[in-house]
>>> print(open('my_file-v8.txt').read())   # compact mmCIF, C-alpha atoms
# COMPACT_ATOMS: atom_id res chain seq x y z
CA MET A 4 1.52 -20.63 13.86
CA SER A 5 -0.68 -18.96 11.26
CA ASP A 6 -2.79 -15.93 12.02
CA PRO A 7 -6.47 -17.04 12.26
CA THR A 8 -7.49 -13.76 10.62
CA ASP A 9 -5.23 -14.46 7.63
CA ASP A 10 -7.49 -15.14 4.65
CA ARG A 11 -4.70 -16.54 2.46
CA THR A 12 -5.02 -20.05 1.13
CA GLU A 13 -2.74 -22.68 2.62
CA ILE A 14 -0.54 -22.52 -0.49
CA GLU A 15 -0.29 -18.74 -0.26
CA ARG A 16 0.70 -18.96 3.42
CA ILE A 17 3.36 -21.60 2.69
CA ASP A 18 4.72 -19.57 -0.20
CA LYS A 19 4.82 -16.38 1.86
CA GLU A 20 6.81 -18.16 4.58
CA HIS A 21 9.24 -20.20 2.50
CA VAL A 22 9.73 -18.49 -0.89
CA PHE A 23 11.36 -15.15 -1.68
CA GLY A 24 9.31 -12.73 -3.76
CA THR A 25 11.25 -11.06 -6.58
CA TRP A 26 12.23 -7.37 -6.72
CA SER A 27 10.39 -6.62 -3.49
CA TYR A 28 10.48 -5.88 0.22
CA GLN A 29 9.44 -9.24 1.63
CA SER A 30 7.09 -7.56 4.12
CA GLU A 31 5.05 -6.32 1.15
CA VAL A 32 4.91 -9.65 -0.69
CA ASP A 33 1.38 -11.03 -0.88
CA PRO A 34 1.33 -13.98 -3.31
CA THR A 35 -1.92 -14.96 -5.01
CA GLN A 36 -2.46 -18.61 -5.85
CA ILE A 37 -3.40 -19.23 -9.48
CA VAL A 38 -5.22 -22.49 -10.09
CA ASP A 39 -6.16 -22.41 -13.76
CA ALA A 40 -5.36 -20.63 -17.02
CA ASP A 41 -6.86 -20.92 -20.47
CA GLY A 42 -6.52 -18.75 -23.56
CA VAL A 43 -6.05 -15.14 -22.45
CA ARG A 44 -7.55 -15.72 -18.99
CA PHE A 45 -6.36 -17.04 -15.65
CA THR A 46 -8.18 -17.90 -12.42
CA ASP A 47 -7.15 -17.51 -8.78
CA ALA A 48 -7.93 -19.83 -5.87
CA ALA A 49 -10.96 -17.74 -4.91
CA GLY A 50 -12.49 -18.35 -8.33
CA ASN A 51 -11.86 -14.87 -9.72
CA ASP A 52 -11.26 -14.76 -13.46
CA PHE A 53 -8.93 -12.23 -15.13
CA ILE A 54 -8.02 -11.17 -18.64
CA ASP A 55 -4.24 -11.37 -18.94
CA PHE A 56 -3.73 -7.95 -20.56
CA SER A 57 0.04 -7.98 -19.98
CA GLY A 58 0.87 -11.58 -20.85
CA GLN A 59 2.01 -12.03 -17.23
CA LEU A 60 5.51 -10.50 -17.39
CA MET A 61 5.13 -9.70 -21.09
CA CYS A 62 6.06 -13.29 -21.91
CA SER A 63 2.90 -15.37 -22.44
CA ASN A 64 2.74 -14.55 -26.14
CA LEU A 65 0.86 -17.75 -26.96
CA GLY A 66 -1.62 -17.42 -24.12
CA HIS A 67 -2.41 -20.27 -21.80
CA ALA A 68 -3.69 -22.95 -24.16
CA ALA A 69 -0.91 -23.73 -26.66
CA ASP A 70 -1.54 -27.46 -26.91
CA ARG A 71 1.24 -28.08 -29.43
CA VAL A 72 3.81 -26.69 -27.00
CA SER A 73 2.44 -28.64 -24.03
CA GLU A 74 2.51 -31.86 -26.02
CA ALA A 75 6.06 -31.23 -27.22
CA ILE A 76 7.19 -30.72 -23.62
CA ALA A 77 5.57 -33.98 -22.50
CA ASP A 78 6.94 -35.97 -25.46
CA GLN A 79 10.49 -34.70 -24.97
CA ALA A 80 10.39 -35.31 -21.21
CA ASP A 81 9.22 -38.86 -21.90
CA SER A 82 11.96 -39.62 -24.45
CA VAL A 83 15.13 -37.65 -23.59
CA PRO A 84 14.50 -35.32 -20.64
CA TYR A 85 18.13 -34.18 -20.32
CA VAL A 86 21.58 -34.70 -21.80
CA ALA A 87 24.81 -32.81 -21.12
CA PRO A 88 25.52 -29.88 -23.46
CA ASN A 89 28.28 -31.82 -25.29
CA TYR A 90 25.50 -34.03 -26.69
CA THR A 91 22.69 -32.81 -28.88
CA THR A 92 19.07 -33.67 -29.53
CA GLU A 93 16.85 -33.15 -32.52
CA ALA A 94 14.96 -30.46 -30.59
CA ARG A 95 18.12 -28.40 -29.99
CA ALA A 96 19.45 -28.74 -33.53
CA ARG A 97 16.09 -27.98 -35.17
CA LEU A 98 15.49 -24.99 -32.93
CA GLY A 99 18.89 -23.54 -33.82
CA GLU A 100 18.04 -23.99 -37.49
CA LYS A 101 14.60 -22.43 -37.00
CA LEU A 102 16.01 -19.37 -35.24
CA ALA A 103 18.39 -18.79 -38.13
CA GLU A 104 15.30 -18.83 -40.35
CA VAL A 105 13.07 -16.40 -38.43
CA THR A 106 15.62 -13.90 -37.11
CA PRO A 107 16.57 -10.96 -39.35
CA GLY A 108 19.37 -10.99 -41.89
CA ASP A 109 22.14 -13.54 -41.63
CA LEU A 110 22.06 -14.25 -37.89
CA THR A 111 23.00 -17.89 -37.81
CA LYS A 112 24.44 -19.51 -34.67
CA THR A 113 22.86 -19.65 -31.21
CA PHE A 114 23.92 -20.22 -27.63
CA PHE A 115 21.00 -21.51 -25.56
CA SER A 116 20.55 -20.61 -21.90
CA THR A 117 17.59 -20.54 -19.51
CA SER A 118 16.50 -16.90 -19.32
CA GLY A 119 16.75 -13.44 -20.80
CA THR A 120 19.29 -12.34 -18.21
CA GLU A 121 21.54 -15.28 -19.13
CA ALA A 122 21.09 -14.52 -22.83
CA VAL A 123 22.32 -10.98 -22.21
CA GLU A 124 25.18 -12.29 -20.07
CA ALA A 125 26.29 -14.48 -22.99
CA ALA A 126 25.98 -11.55 -25.40
CA ILE A 127 28.20 -9.33 -23.23
CA LYS A 128 30.91 -11.99 -23.02
CA ILE A 129 30.74 -12.86 -26.71
CA ALA A 130 31.04 -9.19 -27.69
CA LYS A 131 34.07 -8.73 -25.43
CA PHE A 132 35.74 -11.94 -26.58
CA TYR A 133 35.16 -11.12 -30.26
CA THR A 134 36.28 -7.49 -30.18
CA GLY A 135 38.94 -7.73 -27.49
CA LYS A 136 37.42 -4.63 -25.87
CA ASP A 137 35.94 -4.19 -22.41
CA LYS A 138 33.18 -1.58 -22.41
CA ILE A 139 29.44 -1.88 -23.07
CA VAL A 140 27.31 1.20 -23.73
CA SER A 141 23.64 0.81 -22.78
CA ARG A 142 20.89 3.28 -21.85
CA TYR A 143 19.36 4.64 -18.67
CA ARG A 144 15.77 3.58 -19.33
CA SER A 145 16.54 -0.08 -19.87
CA TYR A 146 16.28 -3.46 -18.22
CA HIS A 147 18.58 -6.28 -19.30
CA GLY A 148 18.48 -8.74 -16.40
CA ALA A 149 19.41 -9.51 -12.81
CA THR A 150 22.80 -11.27 -12.92
CA TYR A 151 25.84 -9.12 -12.21
CA GLY A 152 26.67 -8.51 -15.85
CA SER A 153 23.14 -7.91 -17.05
CA ILE A 154 22.15 -5.75 -14.06
CA SER A 155 25.31 -3.66 -14.58
CA VAL A 156 24.21 -2.76 -18.11
CA THR A 157 20.63 -2.20 -16.92
CA GLY A 158 19.77 1.48 -16.59
CA ASP A 159 16.76 1.54 -14.31
CA PRO A 160 17.15 2.00 -10.53
CA ARG A 161 17.08 -1.73 -9.80
CA ARG A 162 20.78 -1.76 -10.72
CA LEU A 163 21.75 0.54 -7.81
CA ALA A 164 21.89 -2.10 -5.07
CA ALA A 165 24.25 -4.20 -7.21
CA GLU A 166 26.71 -1.43 -8.04
CA PRO A 167 29.55 -1.06 -8.78
CA GLY A 168 28.83 -4.23 -10.76
CA ILE A 169 31.07 -5.29 -13.62
CA PRO A 170 33.58 -2.75 -14.97
CA GLY A 171 33.05 -0.99 -18.28
CA ALA A 172 29.26 -0.52 -18.14
CA ILE A 173 28.45 2.97 -19.45
CA LYS A 174 24.99 4.57 -19.71
CA ALA A 175 23.64 6.77 -22.48
CA PRO A 176 20.38 8.75 -22.92
CA ASP A 177 17.23 7.23 -24.37
CA PRO A 178 14.91 8.00 -27.30
CA TYR A 179 12.23 9.23 -24.89
CA ALA A 180 10.27 12.00 -26.57
CA TYR A 181 7.56 12.43 -23.91
CA GLY A 182 9.63 12.68 -20.73
CA SER A 183 13.03 14.04 -21.76
CA THR A 184 14.49 17.41 -22.66
CA MET A 185 16.55 15.71 -25.38
CA ASP A 186 15.08 14.88 -28.78
CA PRO A 187 15.37 11.14 -29.63
CA MET A 188 17.70 11.81 -32.56
CA GLU A 189 19.78 14.19 -30.43
CA SER A 190 20.38 11.28 -28.09
CA LEU A 191 22.09 9.51 -31.00
CA GLU A 192 24.50 12.40 -31.42
CA TYR A 193 25.27 12.09 -27.71
CA ILE A 194 26.07 8.36 -28.13
CA ASP A 195 28.22 9.14 -31.17
CA GLU A 196 30.26 11.58 -29.12
CA MET A 197 30.46 9.14 -26.20
CA LEU A 198 31.98 6.48 -28.42
CA MET A 199 34.43 8.96 -29.89
CA LEU A 200 35.58 10.11 -26.45
CA GLU A 201 35.89 6.54 -25.16
CA GLY A 202 38.32 5.82 -27.98
CA ASP A 203 38.63 2.29 -29.33
CA THR A 204 37.53 0.65 -26.07
CA VAL A 205 33.80 -0.09 -26.56
CA ALA A 206 32.88 -3.66 -27.47
CA ALA A 207 29.19 -3.06 -28.11
CA VAL A 208 26.18 -0.81 -27.84
CA LEU A 209 23.34 -2.73 -26.19
CA VAL A 210 19.72 -1.59 -26.59
CA GLU A 211 16.16 -2.79 -26.54
CA PRO A 212 14.89 -1.83 -30.03
CA ILE A 213 11.66 -0.86 -28.29
CA VAL A 214 12.16 -0.26 -24.58
CA GLY A 215 9.93 -2.58 -22.55
CA SER A 216 9.50 -2.35 -18.80
CA ASN A 217 10.85 1.20 -18.65
CA GLY A 218 7.96 2.64 -20.59
CA ILE A 219 7.33 1.06 -24.04
CA LEU A 220 9.51 3.66 -25.76
CA VAL A 221 9.33 3.50 -29.56
CA PRO A 222 12.16 5.39 -31.29
CA PRO A 223 11.82 7.22 -34.62
CA GLU A 224 12.04 4.99 -37.70
CA GLU A 225 15.57 6.13 -38.52
CA TYR A 226 16.95 5.73 -34.97
CA LEU A 227 18.04 2.08 -34.91
CA PRO A 228 19.60 2.05 -38.42
CA ARG A 229 21.61 5.14 -37.52
CA LEU A 230 22.61 3.65 -34.16
CA LYS A 231 24.05 0.61 -35.93
CA GLU A 232 26.04 2.89 -38.23
CA ILE A 233 27.40 4.85 -35.26
CA ALA A 234 28.41 1.66 -33.44
CA HIS A 235 30.20 0.29 -36.49
CA ASP A 236 31.89 3.62 -37.22
CA HIS A 237 33.56 3.32 -33.81
CA GLY A 238 34.43 -0.38 -34.11
CA ALA A 239 31.65 -1.52 -31.79
CA LEU A 240 28.95 -4.15 -32.27
CA LEU A 241 25.21 -3.60 -32.00
CA ILE A 242 23.44 -5.93 -29.57
CA CYS A 243 19.64 -5.92 -29.65
CA ASP A 244 17.86 -7.23 -26.56
CA GLU A 245 14.67 -8.77 -27.95
CA VAL A 246 13.73 -10.60 -24.76
CA MET A 247 10.49 -8.63 -24.41
CA ALA A 248 9.83 -7.31 -27.94
CA GLY A 249 10.49 -10.58 -29.78
CA PHE A 250 8.22 -13.24 -31.23
CA GLY A 251 5.35 -11.26 -32.65
CA ARG A 252 4.86 -8.81 -29.84
CA THR A 253 5.38 -5.84 -32.19
CA GLY A 254 3.46 -7.29 -35.12
CA GLU A 255 6.80 -8.40 -36.59
CA TRP A 256 8.95 -11.34 -35.56
CA PHE A 257 11.29 -9.00 -33.68
CA GLY A 258 11.52 -5.36 -32.71
CA SER A 259 14.56 -5.04 -34.98
CA ASP A 260 12.35 -6.02 -37.92
CA VAL A 261 10.16 -2.97 -37.30
CA PHE A 262 13.16 -0.83 -38.25
CA GLY A 263 14.74 -3.09 -40.89
CA VAL A 264 17.92 -3.68 -38.87
CA THR A 265 20.00 -6.81 -38.39
CA PRO A 266 22.04 -6.53 -35.18
CA ASP A 267 25.39 -8.25 -34.75
CA ILE A 268 24.09 -10.11 -31.71
CA MET A 269 20.48 -10.64 -30.64
CA THR A 270 19.16 -11.93 -27.31
CA MET A 271 15.82 -13.69 -26.83
CA ALA A 272 13.71 -15.41 -24.16
CA LYS A 273 10.08 -14.95 -22.95
CA GLY A 274 8.11 -15.44 -26.19
CA LEU A 275 10.71 -17.92 -27.45
CA THR A 276 8.67 -20.63 -25.71
CA GLY A 277 5.63 -18.50 -24.92
CA ALA A 278 6.83 -18.89 -21.31
CA TYR A 279 5.95 -22.59 -21.30
CA GLN A 280 9.58 -23.39 -20.43
CA PRO A 281 12.50 -21.23 -19.25
CA LEU A 282 14.71 -20.72 -22.30
CA GLY A 283 17.02 -17.95 -23.47
CA ALA A 284 18.98 -17.63 -26.70
CA THR A 285 21.86 -15.51 -27.99
CA ILE A 286 22.29 -15.55 -31.77
CA VAL A 287 25.20 -14.06 -33.73
CA THR A 288 26.33 -13.33 -37.29
CA PRO A 289 28.53 -15.76 -39.29
CA GLU A 290 31.56 -13.51 -38.75
CA ILE A 291 31.23 -13.67 -34.98
CA ALA A 292 30.47 -17.40 -35.07
CA ALA A 293 33.60 -18.03 -37.19
CA HIS A 294 35.80 -16.28 -34.60
CA PHE A 295 35.11 -19.04 -32.11
CA GLU A 296 36.17 -21.85 -34.44
CA ASP A 297 39.75 -21.38 -33.22
CA ASN A 298 39.15 -19.14 -30.19
CA MET A 299 37.59 -20.78 -27.17
CA LEU A 300 34.06 -19.77 -26.23
CA THR A 301 34.69 -19.62 -22.51
CA HIS A 302 31.05 -19.73 -21.51
CA GLY A 303 28.55 -22.45 -20.70
CA HIS A 304 26.36 -24.08 -18.07
CA THR A 305 24.64 -27.34 -17.20
CA TYR A 306 21.32 -26.55 -18.85
CA ALA A 307 22.63 -25.01 -22.09
CA GLY A 308 20.29 -26.34 -24.78
CA HIS A 309 18.03 -28.22 -22.36
CA PRO A 310 16.07 -30.71 -24.52
CA VAL A 311 12.64 -30.08 -22.97
CA ALA A 312 13.02 -26.30 -23.20
CA CYS A 313 14.26 -26.53 -26.80
CA ALA A 314 11.32 -28.77 -27.71
CA ALA A 315 9.01 -26.10 -26.31
CA GLY A 316 10.81 -23.39 -28.29
CA LEU A 317 10.58 -25.31 -31.55
CA ALA A 318 6.88 -26.04 -31.03
CA ALA A 319 6.23 -22.40 -30.10
CA ILE A 320 7.81 -21.07 -33.31
CA GLU A 321 5.89 -23.63 -35.36
CA THR A 322 2.71 -22.42 -33.63
CA TYR A 323 3.50 -18.77 -34.47
CA GLN A 324 4.00 -19.77 -38.10
CA GLU A 325 1.14 -22.20 -38.63
CA GLU A 326 -1.45 -20.05 -36.86
CA ASN A 327 -0.20 -16.83 -38.55
CA LEU A 328 0.11 -15.21 -35.14
CA ILE A 329 2.66 -12.60 -36.21
CA GLU A 330 0.32 -11.21 -38.87
CA ARG A 331 -2.61 -11.51 -36.49
CA ALA A 332 -0.73 -9.50 -33.85
CA SER A 333 -0.17 -6.74 -36.38
CA GLU A 334 -3.87 -6.55 -37.27
CA THR A 335 -5.16 -6.90 -33.72
CA GLY A 336 -2.49 -4.47 -32.58
CA GLU A 337 -3.94 -1.76 -34.81
CA TYR A 338 -7.31 -2.25 -33.16
CA LEU A 339 -5.74 -2.19 -29.70
CA GLY A 340 -3.90 1.02 -30.55
CA GLU A 341 -7.13 2.69 -31.68
CA GLN A 342 -8.91 1.71 -28.46
CA LEU A 343 -6.06 3.00 -26.31
CA GLU A 344 -6.02 6.31 -28.19
CA GLU A 345 -9.75 6.68 -27.49
CA LEU A 346 -9.07 5.88 -23.84
CA ALA A 347 -6.34 8.52 -23.76
CA ASP A 348 -8.69 11.10 -25.28
CA ALA A 349 -11.29 10.33 -22.60
CA HIS A 350 -8.93 10.57 -19.63
CA PRO A 351 -6.82 13.69 -19.01
CA SER A 352 -4.48 11.71 -16.75
CA VAL A 353 -3.26 9.69 -19.74
CA GLY A 354 -0.35 11.78 -20.95
CA GLU A 355 0.55 9.55 -23.87
CA ALA A 356 -0.54 6.31 -25.51
CA ARG A 357 2.30 4.71 -27.46
CA GLY A 358 3.57 1.45 -28.85
CA VAL A 359 3.32 -0.89 -31.83
CA GLY A 360 1.44 -4.12 -32.43
CA LEU A 361 0.44 -5.75 -29.17
CA PHE A 362 3.22 -3.94 -27.30
CA ARG A 363 1.63 -0.79 -25.90
CA GLY A 364 1.83 1.59 -22.98
CA LEU A 365 -0.23 4.29 -21.31
CA GLU A 366 1.90 6.89 -19.53
CA LEU A 367 0.00 8.68 -16.78
CA THR A 368 0.46 12.28 -15.69
CA LYS A 369 -0.64 14.61 -12.89
CA HIS A 370 -0.56 17.56 -15.26
CA SER A 371 -0.81 16.95 -18.99
CA GLU A 372 0.67 20.27 -20.12
CA GLU A 373 3.68 20.11 -17.81
CA ARG A 374 4.02 16.32 -18.07
CA VAL A 375 4.29 15.82 -14.31
CA PRO A 376 4.50 12.05 -13.61
CA PHE A 377 2.66 10.22 -10.84
CA GLY A 378 5.49 7.73 -10.50
CA GLU A 379 9.20 8.54 -10.32
CA ARG A 380 12.14 6.30 -11.14
CA GLU A 381 13.01 5.88 -7.47
CA ASP A 382 9.54 4.41 -6.85
CA LYS A 383 10.76 1.25 -8.55
CA VAL A 384 12.92 0.50 -5.52
CA GLY A 385 10.78 2.19 -2.88
CA LYS A 386 8.15 0.95 -0.45
CA GLY A 387 4.44 1.62 -0.66
CA SER A 388 2.19 2.20 -3.66
CA THR A 389 1.68 4.99 -6.17
CA VAL A 390 -1.37 6.29 -8.01
CA VAL A 391 -0.28 4.18 -10.99
CA ASP A 392 -0.26 1.12 -8.73
CA GLU A 393 -3.76 2.03 -7.58
CA VAL A 394 -5.00 2.26 -11.17
CA ALA A 395 -3.57 -1.19 -11.94
CA ALA A 396 -5.12 -2.57 -8.75
CA ALA A 397 -8.53 -1.14 -9.68
CA ALA A 398 -8.32 -2.73 -13.13
CA TYR A 399 -7.49 -6.01 -11.42
CA GLU A 400 -10.57 -5.68 -9.22
CA ASN A 401 -12.50 -5.15 -12.46
CA GLY A 402 -11.15 -8.41 -13.91
CA THR A 403 -8.15 -7.19 -15.92
CA TYR A 404 -4.52 -7.84 -15.02
CA VAL A 405 -2.23 -5.08 -16.31
CA ALA A 406 1.40 -4.66 -15.31
CA ASN A 407 2.73 -1.23 -14.45
CA MET A 408 6.27 0.03 -14.22
CA ILE A 409 7.13 3.44 -12.74
CA ASN A 410 4.61 5.65 -14.57
CA THR A 411 3.37 3.43 -17.41
CA LEU A 412 0.66 0.80 -17.70
CA ILE A 413 2.15 -1.93 -19.90
CA ILE A 414 -0.30 -3.61 -22.24
CA ALA A 415 1.09 -6.73 -23.91
CA PRO A 416 -1.64 -9.38 -24.12
CA PRO A 417 -1.22 -12.83 -25.70
CA LEU A 418 -1.12 -12.70 -29.50
CA THR A 419 -4.30 -14.79 -29.53
CA ILE A 420 -6.45 -12.07 -27.95
CA THR A 421 -9.65 -11.13 -29.79
CA GLU A 422 -11.20 -7.71 -30.33
CA SER A 423 -14.04 -8.54 -27.95
CA GLU A 424 -11.54 -9.49 -25.23
CA ILE A 425 -9.69 -6.22 -25.87
CA ASP A 426 -13.01 -4.36 -25.47
CA GLU A 427 -13.62 -6.11 -22.15
CA ALA A 428 -10.19 -5.15 -20.84
CA ILE A 429 -10.53 -1.57 -22.09
CA THR A 430 -13.79 -1.25 -20.16
CA SER A 431 -11.93 -2.25 -16.98
CA LEU A 432 -9.17 0.27 -17.65
CA ASP A 433 -11.70 2.98 -18.45
CA ALA A 434 -13.19 2.66 -14.97
CA ALA A 435 -9.79 2.35 -13.26
CA LEU A 436 -8.41 5.52 -14.86
CA GLU A 437 -10.98 7.60 -12.97
CA ILE A 438 -8.58 7.18 -10.02
CA SER A 439 -5.71 8.94 -11.79
CA ASP A 440 -8.05 11.55 -13.27
CA ASP A 441 -9.22 12.44 -9.75
CA ALA A 442 -5.62 12.65 -8.52
CA MET A 443 -4.47 15.22 -11.07
CA ILE A 444 -3.15 18.61 -10.05
CA ALA A 445 -5.95 21.16 -10.27
>>> encode(input="my_file-v8.txt", output="structure tokens")
Amino acid sequence: MSDPTDDRTEIERIDKEHVFGTWSYQSEVDPTQIVDADGVRFTDAAGNDFIDFSGQLMCSNLGHAADRVSEAIADQADSVPYVAPNYTTEARARLGEKLAEVTPGDLTKTFFSTSGTEAVEAAIKIAKFYTGKDKIVSRYRSYHGATYGSISVTGDPRRLAAEPGIPGAIKAPDPYAYGSTMDPMESLEYIDEMLMLEGDTVAAVLVEPIVGSNGILVPPEEYLPRLKEIAHDHGALLICDEVMAGFGRTGEWFGSDVFGVTPDIMTMAKGLTGAYQPLGATIVTPEIAAHFEDNMLTHGHTYAGHPVACAAGLAAIETYQEENLIERASETGEYLGEQLEELADAHPSVGEARGVGLFRGLELTKHSEERVPFGEREDKVGKGSTVVDEVAAAAYENGTYVANMINTLIIAPPLTITESEIDEAITSLDAALEISDDAMIA
């Protein structure tokens, strides 16, 4: 029997009772019913309208009105909604061809899955099969997914409940200039020594070119090229997880493009379809692809290359190209960066504004000189709320949805956002940041 004082909608009550919330204590789950979405805005059941300043989970790159993608989904579902992976469709073949076109360098052959976590899972297995080695080096401030392989190579505290996880997952330091005692380039020397001490046992080094949900960490320009050299010097591959940074988010097609690097293996999801369908992809170089001509690729699943999802992916990439959204993200991203810098100057609790393109973060601090964070890593798996949560909640009350992870507000709006919509969201954040300003250490 429902509580008569419960002001949830019927759908919210049903969802609360029958559906698990993700990454949460179920007692704290409070789902909000969304009834409409258009452009960069979405509307809840109470009629409240919000600017989507984080692209939901940093995935709605095309916003909520990509008609070409919606039509492609409907057309494919009407013609061939599903075939087993041993068959193909035009959508799957054309999307594979298109990814070879837009990804950096000579990346050429793709395995399709249904999510970023599955794309990483495929990358781990492919790297191990190809090299004959067992270990994967990743970094502490990272998120690579929720399955046992991908959560094992994840660095943030969400991995702890799943440990020991798969064997051979080793963590390295991050290029985190603001919150670490180690210089970003010094962290490379650390990885170099790690690989030397591990001997010839490491299959790959796995990184987000620009760290996403663990703080929007942008390394120095020379970091990723040097990391690839280090990996290759020790007989390891470089895997770039582009699940969050890909498809225009950085003002380039991929985060790797920002640094002029072609990884050996790249993983994708989220912006691949603009989140209109669940689709992941793992693309490899010709050398790695050739290995599996006469060595079995012992990996697969029922929905590999799902026709409807692939149709959405193909239409999404065509939309990015025809509407020049990658270039637009670069230009609009410069404006966003300027506005966030002004916001940081106006609020002492903003320790650092960082990012590229439309992939930005505001890191908050209790004490700007000593860089004391409001949120700690353990808060990601703890109960209750932090000051950073309160700032995000206040922005939401002001009509702007912004995601926050640990100590950083993550700003990753749809690539279609306008300068006036950015101004509107910045006004909401400006008011919300008074909360963190007031909570600073005197």
>>> atom_distance(input="my_file-v8.txt", atom1="CA of Ala272 (chain A)", atom2="CA of Ala415 (chain A)")
15.3 Å
>>> closest_residue(input="my_file-v8.txt", among="A:Pro266, A:Pro178, A:Gly254, A:Gly238", to="Glu337 (chain A)", atoms="all atoms listed in the file")
A:Gly254
>>> atom_distance(input="my_file-v8.txt", atom1="CA of Thr46 (chain A)", atom2="CA of Glu424 (chain A)")
15.7 Å
>>> closest_residue(input="my_file-v8.txt", among="A:Leu328, A:Ala314, A:Leu367, A:Ile173", to="Asp440 (chain A)", atoms="all atoms listed in the file")
A:Leu367
>>> closest_residue(input="my_file-v8.txt", among="A:Gly135, A:Gly354, A:Gly119, A:Gly258", to="Leu282 (chain A)", atoms="only C-alpha atoms")
A:Gly119
>>> atom_distance(input="my_file-v8.txt", atom1="CA of Asn217 (chain A)", atom2="CA of Thr285 (chain A)")
22.1 Å
>>> residues_around(input="my_file-v8.txt", residues="Ala292 (chain A)", least_positions_apart="4", cutoff="7 Å", atoms="all atoms listed in the file", output="list in words")
Lys112, Val287 and Thr288 of chain A
>>> residues_around(input="my_file-v8.txt", residues="Pro88 (chain A)", least_positions_apart="6", cutoff="12 Å", atoms="all atoms listed in the file", output="ChimeraX atom specification")
/A:95-96,114-116,302-310
>>> axis_aligned_box(input="my_file-v8.txt", around="region 121-134 of chain A", padding_each_side="4 Å", output="lines of an AutoDock Vina configuration file")
center_x = 28.7
center_y = -11.4
center_z = -24.7
size_x = 23.2
size_y = 15.8
size_z = 19.1
>>> residues_around(input="my_file-v8.txt", residues="Pro167 (chain A)", least_positions_apart="2", cutoff="12 Å", atoms="all atoms listed in the file", output="CSV table (one decimal) with C-alpha atoms, in the frame of the given file")
chain,number,residue,atom,x,y,z
A,151,TYR,CA,25.8,-9.1,-12.2
A,152,GLY,CA,26.7,-8.5,-15.8
A,154,ILE,CA,22.2,-5.8,-14.1
A,155,SER,CA,25.3,-3.7,-14.6
A,156,VAL,CA,24.2,-2.8,-18.1
A,162,ARG,CA,20.8,-1.8,-10.7
A,163,LEU,CA,21.8,0.5,-7.8
A,164,ALA,CA,21.9,-2.1,-5.1
A,165,ALA,CA,24.2,-4.2,-7.2
A,169,ILE,CA,31.1,-5.3,-13.6
A,170,PRO,CA,33.6,-2.8,-15.0
A,171,GLY,CA,33.0,-1.0,-18.3
A,172,ALA,CA,29.3,-0.5,-18.1
A,173,ILE,CA,28.4,3.0,-19.4
>>> residues_near_point(input="my_file-v8.txt", point="(6.1, -28.8, -28.6)", cutoff="9 Å", atoms="all atoms listed in the file", output="MDAnalysis selection string")
chainID A and resid 69:79 311 313:319 321:322
>>> write_last_selection(input="my_file-v8.txt", atoms="C-alpha atoms", output="mmCIF file, in the frame of the given file")
data_model
loop_
_atom_site.group_PDB
_atom_site.id
_atom_site.type_symbol
_atom_site.label_atom_id
_atom_site.label_comp_id
_atom_site.auth_asym_id
_atom_site.auth_seq_id
_atom_site.Cartn_x
_atom_site.Cartn_y
_atom_site.Cartn_z
ATOM 1 C CA ALA A 69 -0.910 -23.730 -26.660
ATOM 2 C CA ASP A 70 -1.540 -27.460 -26.910
ATOM 3 C CA ARG A 71 1.240 -28.080 -29.430
ATOM 4 C CA VAL A 72 3.810 -26.690 -27.000
ATOM 5 C CA SER A 73 2.440 -28.640 -24.030
ATOM 6 C CA GLU A 74 2.510 -31.860 -26.020
ATOM 7 C CA ALA A 75 6.060 -31.230 -27.220
ATOM 8 C CA ILE A 76 7.190 -30.720 -23.620
ATOM 9 C CA ALA A 77 5.570 -33.980 -22.500
ATOM 10 C CA ASP A 78 6.940 -35.970 -25.460
ATOM 11 C CA GLN A 79 10.490 -34.700 -24.970
ATOM 12 C CA VAL A 311 12.640 -30.080 -22.970
ATOM 13 C CA CYS A 313 14.260 -26.530 -26.800
ATOM 14 C CA ALA A 314 11.320 -28.770 -27.710
ATOM 15 C CA ALA A 315 9.010 -26.100 -26.310
ATOM 16 C CA GLY A 316 10.810 -23.390 -28.290
ATOM 17 C CA LEU A 317 10.580 -25.310 -31.550
ATOM 18 C CA ALA A 318 6.880 -26.040 -31.030
ATOM 19 C CA ALA A 319 6.230 -22.400 -30.100
ATOM 20 C CA GLU A 321 5.890 -23.630 -35.360
ATOM 21 C CA THR A 322 2.710 -22.420 -33.630
#
>>> residues_around(input="my_file-v8.txt", residues="Ile233 (chain A)", least_positions_apart="5", cutoff="12 Å", atoms="only C-alpha atoms", output="VMD selection string")
chain A and resid 190 to 199 205 207 to 208 226 to 228 238 to 241
>>> closest_residue(input="my_file-v8.txt", among="A:Ile219, A:Cys62, A:Ala180, A:Ile14", to="Ala48 (chain A)", atoms="all atoms listed in the file")
A:Ile14
>>> residues_around(input="my_file-v8.txt", residues="region 369-373 of chain A", least_positions_apart="3", cutoff="8 Å", atoms="all atoms listed in the file", output="PyMOL selection string")
chain A and resi 351-354+376-377+439+442-444
